[in-house]
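**Student:** My questions will all concern the structure given below.
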Amino acid sequence: MTLTLDDIRAAADRLKGHIERTPCRPSRTLSEITGAQVWVKFENLQFTAAYKERGALNKLLQLTDAEKKRGVIAASAGNHSQGLSFHAARLGIPVTIVMPRSTPFVKVQQTRNHGAEVVIEGENYDEASAVARRLCEERDLVFVHPFNDPDVIAGQGTVALEMLEDVPDLEVLPVPIGGGGLIAGMATAAKQLNPGIRIVGLEPAMYPSFTAKMRGVNVGANAGGATIAEGIAVKQVGDVSYAVARPLVDEVLLLEEPHMERAVALYCNVEKTVSEGAGAASLAALLAYPDKFRGKRAGLVITGGNIDTRLLASVLTRELVRDQRIVRLRIIGDDRPGLLANVSALIGQHGANIIEVAHNRLALDVPAKGAEFDLMIETRDAQHTQEIMDALRERGYPPRAV
C-alpha cells in the first residue's frame, strides 16, 4: 500500500470550500511551560469539532452514484461518526453508525442530530466494528472505515499539508495514534514536504496497539481500561494505516492519564479552547517527555473538542487539586462552641474560600470530647495553601492534608 503527496493534494482540492481551513498559531505560554516552540493546529474548530471530517468527506466525494444510493455505515467512538453523518446528510446519502456503549453521550447525541441511524452495540470500538460489518452485509451498505482506508487516510493527511504551508520549518509532529489513519496521512505529507521532520506517534498506555505491532506482540486481549482518550482507545491498529505509517514514524511514546488530563486543562486555561482527551495527546507528550521536544519547533494538533461537559468539569477540578488550589485539610480539636467559627474566620482572613465542611465526632482515633473537622478549601496556589496551614498551626489548630 502506497500513499503519495499527490493523493493528499488531490484530497485537499476536493475538500476545499467544504471544511474549515483551521488556523495553526504559535502559543507563547505553552512554549514557556513545555520548553518547546509550540504551534497549535485548531482542528476542534471544524463544524463537528474534529479533524475526522476530512477523511470521511474525501471518501464520500469519491463514491459512485449507485454507492451513494445504497448508503454508508461506519463504526466509531464519535468523531468519525459525526463527520461522516454531517457530510453524508449534506450530500443526501443515508448513513448508519454503530457506536460502543462507552461512547460519551455528547458524541452519541450529536451524531443523531446529524440525521444518522445510531446503533449502540459493543463494549469498545473493535466490538462495535464487528457489528457494523455484519449490518453492512445484511443491508448491502458501503463500509466507511474510520482509519483503514486509503481515501480516508489521504483526507487526514491534509492536516499536515496545511500545517507545513503555515509553518514550513516545523521540526517535529507529535501525532495521536488510535487506528493509525491520522499519523499515516500526516506522516506521508510531512515527510515528502520535509524529509528531516520527526514524526512521533502517541498512544494511551492502556492501548499500545501500534507499539505492540512494531514489536511483534499481540496485546489486543490485554489492552483496555477507562482512558480519558477514548477517541484513540483502539486495540488493533489498522493494517493499511500501519503499512503506510510504519516506515515514516521515528518513535512512538506511551501516555499516562495524568498528563492527558493536564493537557486538556491547559488548553482550556491557556488557549481558552476545549479539547477532548485524545485531542490533547500531542500536548500531553510535551508534558510527559519534555527532553524529547525541548527547543524544537513542534506542531500540535487539537484533533477534537468533543468532550462530555461533566468529564471536562471533573478534569478541570482535578487539575485544581493537583495544583493544590483545592485541598482538604483535617483538624482535630476539642468539641466546643466557637472552634469551627474561629477556624473559618482565620481561613477567610487569609483570603481562602471554604467549599465544604465535614464534622465527625465518632472517629475512634479522636478523644471522646474531641471532634474531627475536614475542610475543603480553595486557595490561589500551593504557596497560599501552605501559608494557611502555617497560620492554623500557629493558632493551635494543626492541620494535615488528606
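Order determines the names: the first chain of the C-alpha cells is A, the second B, and so forth; residues in each chain are numbered 1 upward, and ligands are numbered 1 upward as they are shown.
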From a DSSP calculation on the backbone, collect every residue of segment 81-199 of chain A in helix (DSSP H, G or I) and output the set as a PyMOL selection string.
**Tutor:** chain A and resi 81-91+105-113+125-139+150-166+181-193
**Student:** Residues of segment 83-109 of chain A that approach segment 294-318 of chain A to 7 Å or less, counting only C-alpha atoms: could you list each one with the shortest pair of atoms and its distance in Å to one decimal, rows by chain and increasing residue number, as JSON lines?
**Tutor:**
```
{"residue": "A:Pro104", "atom": "CA", "partner": "A:Asp308", "partner_atom": "CA", "distance": 6.1}
{"residue": "A:Phe105", "atom": "CA", "partner": "A:Asp308", "partner_atom": "CA", "distance": 6.9}
{"residue": "A:Val106", "atom": "CA", "partner": "A:Asp308", "partner_atom": "CA", "distance": 5.7}
{"residue": "A:Lys107", "atom": "CA", "partner": "A:Asn306", "partner_atom": "CA", "distance": 6.7}
```
**Student:** Using only C-alpha atoms, what table do you get, as a tab-separated table, when you list each residue of segment 15-69 of chain A with an atom no more than 10 Å from segment 175-186 of chain A, its nearest pair of atoms, and their distance in Å rounded to one decimal, rows by chain then rising number?
**Tutor:**
```
residue	atom	partner	partner_atom	distance
A:Tyr51	CA	A:Leu182	CA	8.8
A:Lys52	CA	A:Leu182	CA	8.7
A:Gly55	CA	A:Gly181	CA	8.8
```
**Student:** When distances are computed from only C-alpha atoms, which of A:Ala154, A:Ala371, A:Val167, A:Leu255 shows the smallest separation from Gly277 of chain A?
**Tutor:**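 Ranking A:Ala154, A:Ala371, A:Val167, A:Leu255 by distance to Gly277 of chain A, first place goes to A:Leu255.
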**Student:** Can you pull out every residue within 12 Å of Tyr207 of chain A, counting only C-alpha atoms, but drop anything in the same chain fewer than 6 positions away, and send it as a ChimeraX atom specification?
**Tutor:** /A:124-125,176-179,213,218-237,253-257
**Student:** Please extract the residues of segment 222-354 of chain A with a backbone DSSP assignment of strand (DSSP E or B) and present them as number ranges by chain.
**Tutor:** A: 251-255, 297-302, 304, 326-334, 353-354
**Student:** Name all residues at most 10 Å from Leu164 of chain A (count only C-alpha atoms; drop same-chain ones fewer than 5 positions away) and give them as a ChimeraX atom specification.
**Tutor:** /A:24,158-159,169-170,189-190,193-194,299
**Student:** So which one's closest to Ala284 of chain A, A:Glu203, A:Glu121, A:Asp239, A:Asp334? Using only C-alpha atoms, please.
**Tutor:**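 Closest to Ala284 of chain A of all the choices is A:Glu203.
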**Student:** With only C-alpha atoms as the basis for distance, which of A:Ile33, A:Val119, A:Ala265, A:Ile19 is at the shortest distance from His87 of chain A?
**Tutor:**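 For His87 of chain A, the nearest of the candidates is A:Ile19.
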**Student:** Counting only C-alpha atoms, what is within 9 Å of Phe47 of chain A, bar same-chain residues fewer than 6 positions away, as a ChimeraX atom specification?
**Tutor:** /A:19-20,53,83,86
**Student:** Could you turn the residues from that selection into a file that holds C-alpha atoms, as a PDB file, in the first residue's frame?
**Tutor:**
```pdb
ATOM      1  CA  ILE A  19     -14.448  22.169   5.568  1.00  0.00           C
ATOM      2  CA  GLU A  20     -12.691  24.773   7.670  1.00  0.00           C
ATOM      3  CA  GLU A  53     -14.453  15.325   8.706  1.00  0.00           C
ATOM      4  CA  GLY A  83     -18.011  13.890  10.366  1.00  0.00           C
ATOM      5  CA  PHE A  86     -22.837  15.551   8.773  1.00  0.00           C
TER       6      PHE A  86
END
```
**Student:** What's around Pro146 of chain A at 7 Å? Count only C-alpha atoms, leave out sequence neighbours fewer than 2 positions away in its own chain, and write the answer as a PyMOL selection string.
**Tutor:** chain A and resi 76+80+144+148
**Student:** Tell me, as a count of residues only, which residues lie within 6 Å of Val172 of chain A, counting only C-alpha atoms; anything in the same chain fewer than 5 positions away does not count.
**Tutor:** 4
**Student:** Grab the atom CA of Ile326 of chain A to atom CA of Ser282 of chain A distance for me, in Å with one decimal place.
**Tutor:** 27.0 Å
**Student:** Counting only C-alpha atoms, which of A:Ala160, A:Ala132, A:Val98, A:Ala88 gets nearest to Arg9 of chain A?
**Tutor:**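 When distances to Arg9 of chain A are compared using only C-alpha atoms, the smallest one comes from A:Ala160.
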